[in-house]
Amino acid sequence: MRAFIFPGQGSQSVGMGAALADASRAAKDVFDEVDEALGQNLFRLMRDGPEEELKLTENAQPAIMAHSIAVLRTLGINLADAASFVAGHSLGEYSALCAAGSFDLATTAKLLKLRGQAMQQAVPVGEGAMAALLGADLGLAQRIAEAASEGEVCTVANDNNPSQVVISGHKSAIDRAIAIAKDMGAKRAVPLPVSAPFHCPLMQPAAEAMRDALSYVVVEAPALPVFANVTAQPESDPDTIRNQLVEQVTGMVRWRESVANMFDCGVHDFVEIGGKVLGSMVKRIVPDATVTSLVTIEDIEAAAKEIA
């Protein structure tokens, strides 16, 4: 069995999609449609930068999604015939839902633009932070976060793999967590270069903004089940998907569990669409899995022979 997985924020880079658009009409059409939906020349920003502008959450989120969908459409397969499940890391869940037909491309782009803006506005710059705890599992990360909180928000944001967990919250609490992490058993604590503390209770204003936005959007049943970040379980019911996307803004990304559960369901072949970030996480979670990352036209052409 096969699952298609979609990367989240951090996989953006200047030049993304440029060679693909030159090689594939299907990819260029995706970038054009996203530009039109947003009323913004996002593809020019993806192609030429500047990097600081591309890294802005409101640009990075729709850009990463557009790149993933461009790769998928260039691959030119029927998703439901080629895979049993889809999943995405944080904003990648929107890419997965778009790929599976729950949202059309224009709607997905608009939702992610709003999501990025709402997340950025939820917490004043400088008040929140995130850090990666390396050599720490979920239990240790939770103990570190609890010890550092001292009445402030400090919680697990991403359970990425057995040895990497990301925490999020008030900057002062995250600083305390970084200071005590090694003494409590983590190998290292690394502050992340992010503009807001994602996936923690401080994002509640953004969750309310997404609840409002999603209430106006038609969510179709996906062509194949989507593993949800907040439950690490497959889901196909449109109303449940809508609610889970709201919960996801403040909730923990349960990526380690999602991959392990897909493997337990019989998925041994994971295909990352539009990035090379999730593949290494998958191998740490289920070393026996096969991982393929599709980014370039050469990647896609090689994979098309295997997947067709």
# chains A, B, ... in the order shown; residues from 1 in each chain; ligands from 1
$ residues_around --residues "stretch 212-226 of chain A" --least-positions-apart "4" --cutoff "6 Å" --atoms "only C-alpha atoms" --output "number ranges by chain"
A: 80, 85-87, 100-102, 234-236, 238
$ write_last_selection --atoms "N, CA and C atoms" --output "PDB file, in the first residue's frame"
ATOM      1  N   ALA A  80      -6.644   8.272  -6.287  1.00  0.00           N
ATOM      2  CA  ALA A  80      -7.335   7.175  -5.600  1.00  0.00           C
ATOM      3  C   ALA A  80      -6.886   5.810  -6.117  1.00  0.00           C
ATOM      4  N   PHE A  85      -4.023   6.292   1.144  1.00  0.00           N
ATOM      5  CA  PHE A  85      -4.232   7.399   2.079  1.00  0.00           C
ATOM      6  C   PHE A  85      -3.414   8.606   1.617  1.00  0.00           C
ATOM      7  N   VAL A  86      -3.807   9.781   2.125  1.00  0.00           N
ATOM      8  CA  VAL A  86      -2.970  10.972   2.026  1.00  0.00           C
ATOM      9  C   VAL A  86      -2.850  11.582   3.418  1.00  0.00           C
ATOM     10  N   ALA A  87      -1.793  12.361   3.595  1.00  0.00           N
ATOM     11  CA  ALA A  87      -1.596  13.078   4.859  1.00  0.00           C
ATOM     12  C   ALA A  87      -0.671  14.245   4.588  1.00  0.00           C
ATOM     13  N   ALA A 100      -6.926  15.373  -2.685  1.00  0.00           N
ATOM     14  CA  ALA A 100      -7.979  14.360  -2.592  1.00  0.00           C
ATOM     15  C   ALA A 100      -9.352  14.881  -3.022  1.00  0.00           C
ATOM     16  N   GLY A 101      -9.427  16.170  -3.392  1.00  0.00           N
ATOM     17  CA  GLY A 101     -10.672  16.716  -3.927  1.00  0.00           C
ATOM     18  C   GLY A 101     -11.628  17.303  -2.908  1.00  0.00           C
ATOM     19  N   SER A 102     -11.205  17.466  -1.648  1.00  0.00           N
ATOM     20  CA  SER A 102     -12.095  18.072  -0.652  1.00  0.00           C
ATOM     21  C   SER A 102     -12.260  19.573  -0.896  1.00  0.00           C
ATOM     22  N   PRO A 234      -7.408   8.129  10.059  1.00  0.00           N
ATOM     23  CA  PRO A 234      -7.959   8.469   8.747  1.00  0.00           C
ATOM     24  C   PRO A 234      -9.356   9.042   8.868  1.00  0.00           C
ATOM     25  N   GLU A 235      -9.669  10.021   8.038  1.00  0.00           N
ATOM     26  CA  GLU A 235     -10.976  10.676   8.094  1.00  0.00           C
ATOM     27  C   GLU A 235     -11.484  10.944   6.685  1.00  0.00           C
ATOM     28  N   SER A 236     -12.795  10.781   6.499  1.00  0.00           N
ATOM     29  CA  SER A 236     -13.424  11.056   5.202  1.00  0.00           C
ATOM     30  C   SER A 236     -14.691  11.886   5.322  1.00  0.00           C
ATOM     31  N   PRO A 238     -16.858  15.063   5.714  1.00  0.00           N
ATOM     32  CA  PRO A 238     -16.586  16.485   5.497  1.00  0.00           C
ATOM     33  C   PRO A 238     -16.736  17.354   6.745  1.00  0.00           C
TER      34      PRO A 238
END
$ residues_around --residues "A:Lys305" --least-positions-apart "5" --cutoff "12 Å" --atoms "only C-alpha atoms" --output "ChimeraX atom specification"
/A:75-77,82,298-300
$ write_last_selection --atoms "C-alpha atoms" --output "PDB file, in the first residue's frame"
ATOM      1  CA  LEU A  75       2.770  13.353 -12.211  1.00  0.00           C
ATOM      2  CA  GLY A  76      -0.638  12.972 -13.886  1.00  0.00           C
ATOM      3  CA  ILE A  77      -2.073  10.065 -11.923  1.00  0.00           C
ATOM      4  CA  ALA A  82      -2.314   5.177  -6.884  1.00  0.00           C
ATOM      5  CA  GLU A 298      13.350  14.183 -13.213  1.00  0.00           C
ATOM      6  CA  ASP A 299      11.966  12.899  -9.887  1.00  0.00           C
ATOM      7  CA  ILE A 300       8.465  12.941 -11.325  1.00  0.00           C
TER       8      ILE A 300
END
$ residues_around --residues "stretch 30-38 of chain A" --least-positions-apart "5" --cutoff "9 Å" --atoms "only C-alpha atoms" --output "ChimeraX atom specification"
/A:17,21,25,43,62-63,66-67,69-70,73,105-110,113
$ write_last_selection --atoms "N, CA and C atoms" --output "mmCIF file, in the first residue's frame"
data_model
loop_
_atom_site.group_PDB
_atom_site.id
_atom_site.type_symbol
_atom_site.label_atom_id
_atom_site.label_comp_id
_atom_site.auth_asym_id
_atom_site.auth_seq_id
_atom_site.Cartn_x
_atom_site.Cartn_y
_atom_site.Cartn_z
ATOM 1 N N GLY A 17 9.671 25.603 -7.914
ATOM 2 C CA GLY A 17 8.669 25.498 -8.977
ATOM 3 C C GLY A 17 9.076 26.086 -10.309
ATOM 4 N N ALA A 21 7.734 24.589 -13.780
ATOM 5 C CA ALA A 21 6.807 25.350 -14.622
ATOM 6 C C ALA A 21 7.307 25.427 -16.059
ATOM 7 N N ARG A 25 3.331 22.075 -18.507
ATOM 8 C CA ARG A 25 2.199 22.990 -18.652
ATOM 9 C C ARG A 25 1.241 22.832 -17.475
ATOM 10 N N PHE A 43 3.731 33.351 -7.740
ATOM 11 C CA PHE A 43 4.737 32.532 -8.422
ATOM 12 C C PHE A 43 6.009 33.328 -8.707
ATOM 13 N N PRO A 62 0.543 29.275 1.095
ATOM 14 C CA PRO A 62 -0.006 28.972 -0.222
ATOM 15 C C PRO A 62 1.060 28.575 -1.240
ATOM 16 N N ALA A 63 2.288 29.080 -1.089
ATOM 17 C CA ALA A 63 3.357 28.728 -2.032
ATOM 18 C C ALA A 63 3.713 27.250 -1.935
ATOM 19 N N ALA A 66 0.883 25.236 -3.446
ATOM 20 C CA ALA A 66 0.867 25.334 -4.906
ATOM 21 C C ALA A 66 1.945 24.461 -5.523
ATOM 22 N N HIS A 67 3.120 24.464 -4.902
ATOM 23 C CA HIS A 67 4.215 23.645 -5.423
ATOM 24 C C HIS A 67 3.872 22.154 -5.340
ATOM 25 N N ILE A 69 0.869 20.737 -5.316
ATOM 26 C CA ILE A 69 -0.178 20.390 -6.279
ATOM 27 C C ILE A 69 0.368 20.425 -7.712
ATOM 28 N N ALA A 70 1.304 21.341 -7.989
ATOM 29 C CA ALA A 70 1.944 21.380 -9.308
ATOM 30 C C ALA A 70 2.712 20.084 -9.576
ATOM 31 N N ARG A 73 0.066 17.252 -10.168
ATOM 32 C CA ARG A 73 -0.611 17.313 -11.474
ATOM 33 C C ARG A 73 0.354 17.007 -12.615
ATOM 34 N N LEU A 105 -8.516 24.059 -5.951
ATOM 35 C CA LEU A 105 -7.229 24.718 -5.792
ATOM 36 C C LEU A 105 -7.372 26.166 -5.342
ATOM 37 N N ALA A 106 -8.286 26.905 -5.954
ATOM 38 C CA ALA A 106 -8.454 28.325 -5.613
ATOM 39 C C ALA A 106 -8.885 28.492 -4.158
ATOM 40 N N THR A 107 -9.818 27.656 -3.714
ATOM 41 C CA THR A 107 -10.285 27.714 -2.326
ATOM 42 C C THR A 107 -9.153 27.401 -1.354
ATOM 43 N N THR A 108 -8.353 26.393 -1.691
ATOM 44 C CA THR A 108 -7.241 26.011 -0.816
ATOM 45 C C THR A 108 -6.253 27.165 -0.679
ATOM 46 N N ALA A 109 -5.941 27.812 -1.802
ATOM 47 C CA ALA A 109 -5.003 28.938 -1.774
ATOM 48 C C ALA A 109 -5.528 30.068 -0.896
ATOM 49 N N LYS A 110 -6.806 30.391 -1.037
ATOM 50 C CA LYS A 110 -7.388 31.484 -0.252
ATOM 51 C C LYS A 110 -7.419 31.132 1.231
ATOM 52 N N LYS A 113 -3.850 31.459 2.581
ATOM 53 C CA LYS A 113 -3.456 32.864 2.703
ATOM 54 C C LYS A 113 -4.034 33.447 3.996
#
$ atom_distance --atom1 "atom CA of A:Gln142" --atom2 "atom CA of A:Leu56"
28.6 Å
$ atom_distance --atom1 "atom CA of A:Lys55" --atom2 "atom CA of A:Phe227"
26.5 Å
$ select_by_dssp --residues "stretch 25-235 of chain A" --states "helix (DSSP H, G or I)" --output "VMD selection string"
chain A and resid 25 to 38 42 to 48 51 to 55 57 to 75 79 to 82 92 to 99 105 to 122 138 to 149 171 to 181 201 to 215
$ atom_distance --atom1 "atom CA of A:Leu114" --atom2 "atom CA of A:Ala206"
9.1 Å
$ select_by_dssp --residues "stretch 123-264 of chain A" --states "strand (DSSP E)" --output "number ranges by chain"
A: 128-134, 154-161, 164-170, 188-191, 226-227, 234-235
$ residues_around --residues "A:Met252" --least-positions-apart "6" --cutoff "7 Å" --atoms "only C-alpha atoms" --output "PDB file with C-alpha atoms, in the first residue's frame"
ATOM      1  CA  VAL A 156       4.293  20.404  22.393  1.00  0.00           C
ATOM      2  CA  ALA A 157       3.483  21.658  18.890  1.00  0.00           C
ATOM      3  CA  ASN A 158       4.851  18.923  16.614  1.00  0.00           C
ATOM      4  CA  HIS A 199       0.174  24.895  17.170  1.00  0.00           C
ATOM      5  CA  VAL A 230      -5.001  16.209  15.444  1.00  0.00           C
TER       6      VAL A 230
END
$ residues_around --residues "A:Arg211" --least-positions-apart "4" --cutoff "10 Å" --atoms "only C-alpha atoms" --output "MDAnalysis selection string"
chainID A and resid 205:207 215:216 242:247 249
